[in-house]
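This report refers to the structure that appears directly beneath it.
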Amino acid sequence: MPKKNKRIKKHYTILLPSVSAVVFLLLLFFIFWQGGAVPKHDIYVSSENPKQGETILIKINGKYSGLSGYFDNEKLNFFRNGEYSDWSALLGIDATHQPGKYKILVSVLGEKMEKKILVLSGDFSSVKMAITKELKDKGYTGEKIISNIKNNDNPALNEVLAKFTPKANFNSPFSFPLENMRKSGLDFGEFVSTGNNQIQHFGVDLGAVTGTEVHAANDGKIVLAKNLSNYGKTIIIDHGLGIFSMYLHLDAFMASLNQDVKKAQVIGLSGNSGLSTAPHLHFSIRDNGTRIDPLLFIKTSEKTGENFNLASIANSLLKILK
Ligand SMILES: [Zn+2]
């Protein structure tokens, strides 16, 4: 018996290293095969049933040069946070996008893929806006508010928002514009009625006393720094790929038109300028023309920094080995 045990033990000592070597090789093969020249593609979406105003992260695993995609005839703008990162696209569902079933279509190296998503209603609430004495003293009436938007403020905004910068000015997720973030006033998507007119609020109102530092949500270029009729002192940053952030009712500008700014840089001080009854910061983000909840957009953009699959691990390994 002791003799037999010794033989078994000897057998195992030879076998163990070769087993681990095979496992190691298989693991390496599996990891590199995922990110290799013939990748197996798949569409990852952060949500399959987004509400109006939400942003979805779309990720395609693998490393290659060309890919294109569409959502309901809207072109997707793919980007990556470095040469070894997977391709991501942030898809904003406009606050007014018709709820229902849609397809995300992506084409990679001639391979076509699709993902079904279901857009749900944002269930936005409605509020009445009283024209206070303070607003009347500032010259605002129900009709004046609407005509300001139509004839002055929105044309000024639309002129800069229509321009598309084909490359990303940023290489990291977006961040919040205030150090202390709290909602105060109108929420995203709320319908506001003044007399016979109704407008939808395409941003969030954040609590901030006059003079609070307002930070850039990401790297970009200032494409508007102007005092508008309703929106007051307004800054718009172009982050590239059709993504813009907007800061309204400022008290002062701390950056100027055409200036390149970095994420978290102070670009202005919050205030009460324009159509505003109390000091606050109105913050909006537009993604490829869509009006979206800016806070949900930032939360979704944070996910672009995560690794979702083995291809990312393989790419990270390659980067270390390089
Ligand atoms: Zn607002």
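Residues are named by chain letter and number: chains run A, B, ... in the order of the structure tokens, numbers start at 1 in each chain, and ligands are numbered from 1 in the order shown.
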
Legend entry - Within-12 Å residues of ligand 1, basis only C-alpha atoms and all ligand atoms, as a ChimeraX atom specification: /A:183-192,199-207,230-232,234,246-250,272-284,293-294

Inset, instruction - Write out as a PyMOL selection string each polymer residue whose atoms come within 7 Å of stretch 40-55 of chain A, counting only C-alpha atoms; drop sequence neighbours fewer than 6 positions from it. - result: chain A and resi 34+61+90-97+115+117-122+291-293+296-297+300

Legend entry - From A:Ile145, A:Leu161, A:Leu135, A:Val214, residue lying nearest A:Pro177 [only C-alpha atoms]: A:Val214

Inset, instruction - Enumerate as a VMD selection string all residues of stretch 74-254 of chain A assigned to strand (DSSP E) by DSSP on the backbone, naming them with the chain letters and numbers the document uses. - result: chain A and resid 74 to 75 87 to 92 100 to 108 111 to 119 126 to 128 191 to 194 197 to 200 204 to 207 213 to 215 220 to 228 232 to 240 243 to 253

Legend entry - Sel. of alpha helix (DSSP H) residues, stretch 260-302 of chain A, as a list in words: Pro294, Leu295, Leu296, Phe297, Ile298, Lys299, Thr300, Ser301 and Glu302 of chain A

Generate the output file for the selected residues, N, CA, C and O atoms, as a PDB file, in the first residue's frame.
```pdb
ATOM      1  N   PRO A 294     -30.106  66.267 -17.675  1.00  0.00           N
ATOM      2  CA  PRO A 294     -28.638  66.372 -17.611  1.00  0.00           C
ATOM      3  C   PRO A 294     -28.023  65.529 -16.492  1.00  0.00           C
ATOM      4  O   PRO A 294     -26.902  65.056 -16.627  1.00  0.00           O
ATOM      5  N   LEU A 295     -28.765  65.342 -15.401  1.00  0.00           N
ATOM      6  CA  LEU A 295     -28.211  64.575 -14.275  1.00  0.00           C
ATOM      7  C   LEU A 295     -28.146  63.087 -14.637  1.00  0.00           C
ATOM      8  O   LEU A 295     -27.172  62.399 -14.325  1.00  0.00           O
ATOM      9  N   LEU A 296     -29.184  62.604 -15.339  1.00  0.00           N
ATOM     10  CA  LEU A 296     -29.164  61.205 -15.795  1.00  0.00           C
ATOM     11  C   LEU A 296     -28.086  61.001 -16.860  1.00  0.00           C
ATOM     12  O   LEU A 296     -27.447  59.958 -16.921  1.00  0.00           O
ATOM     13  N   PHE A 297     -27.878  62.032 -17.678  1.00  0.00           N
ATOM     14  CA  PHE A 297     -26.830  61.957 -18.704  1.00  0.00           C
ATOM     15  C   PHE A 297     -25.460  61.766 -18.027  1.00  0.00           C
ATOM     16  O   PHE A 297     -24.661  60.923 -18.433  1.00  0.00           O
ATOM     17  N   ILE A 298     -25.197  62.567 -16.993  1.00  0.00           N
ATOM     18  CA  ILE A 298     -23.895  62.494 -16.308  1.00  0.00           C
ATOM     19  C   ILE A 298     -23.725  61.121 -15.658  1.00  0.00           C
ATOM     20  O   ILE A 298     -22.668  60.495 -15.780  1.00  0.00           O
ATOM     21  N   LYS A 299     -24.791  60.629 -15.007  1.00  0.00           N
ATOM     22  CA  LYS A 299     -24.714  59.307 -14.358  1.00  0.00           C
ATOM     23  C   LYS A 299     -24.425  58.218 -15.395  1.00  0.00           C
ATOM     24  O   LYS A 299     -23.664  57.295 -15.141  1.00  0.00           O
ATOM     25  N   THR A 300     -25.035  58.326 -16.578  1.00  0.00           N
ATOM     26  CA  THR A 300     -24.796  57.327 -17.626  1.00  0.00           C
ATOM     27  C   THR A 300     -23.383  57.466 -18.181  1.00  0.00           C
ATOM     28  O   THR A 300     -22.710  56.468 -18.445  1.00  0.00           O
ATOM     29  N   SER A 301     -22.920  58.706 -18.342  1.00  0.00           N
ATOM     30  CA  SER A 301     -21.574  58.910 -18.910  1.00  0.00           C
ATOM     31  C   SER A 301     -20.500  58.339 -17.986  1.00  0.00           C
ATOM     32  O   SER A 301     -19.437  57.936 -18.444  1.00  0.00           O
ATOM     33  N   GLU A 302     -20.796  58.297 -16.680  1.00  0.00           N
ATOM     34  CA  GLU A 302     -19.825  57.730 -15.722  1.00  0.00           C
ATOM     35  C   GLU A 302     -19.553  56.258 -16.033  1.00  0.00           C
ATOM     36  O   GLU A 302     -18.479  55.749 -15.743  1.00  0.00           O
TER      37      GLU A 302
END
```

Taking 4 positions as the minimum chain separation for residues in the same chain, which residues sit within 12 Å of A:Asn73 when counting only C-alpha atoms? Answer as a PDB file with C-alpha atoms, in the first residue's frame.
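Once everything was written out, this is result-v7.pdb:
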```pdb
ATOM      1  CA  GLY A  69     -25.001  52.930 -35.872  1.00  0.00           C
ATOM      2  CA  TYR A 102     -37.467  51.015 -31.485  1.00  0.00           C
ATOM      3  CA  LYS A 103     -34.319  49.344 -32.784  1.00  0.00           C
ATOM      4  CA  ILE A 104     -30.691  50.311 -32.311  1.00  0.00           C
ATOM      5  CA  LEU A 105     -28.821  49.227 -35.456  1.00  0.00           C
ATOM      6  CA  VAL A 106     -25.036  48.895 -35.463  1.00  0.00           C
TER       7      VAL A 106
END
```

Legend entry - Interatomic distance, atom CA of A:Ala130 to atom CA of A:Leu269 (Å, one decimal):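 According to the coordinates, atom CA of A:Ala130 and atom CA of A:Leu269 are separated by 26.6 Å.
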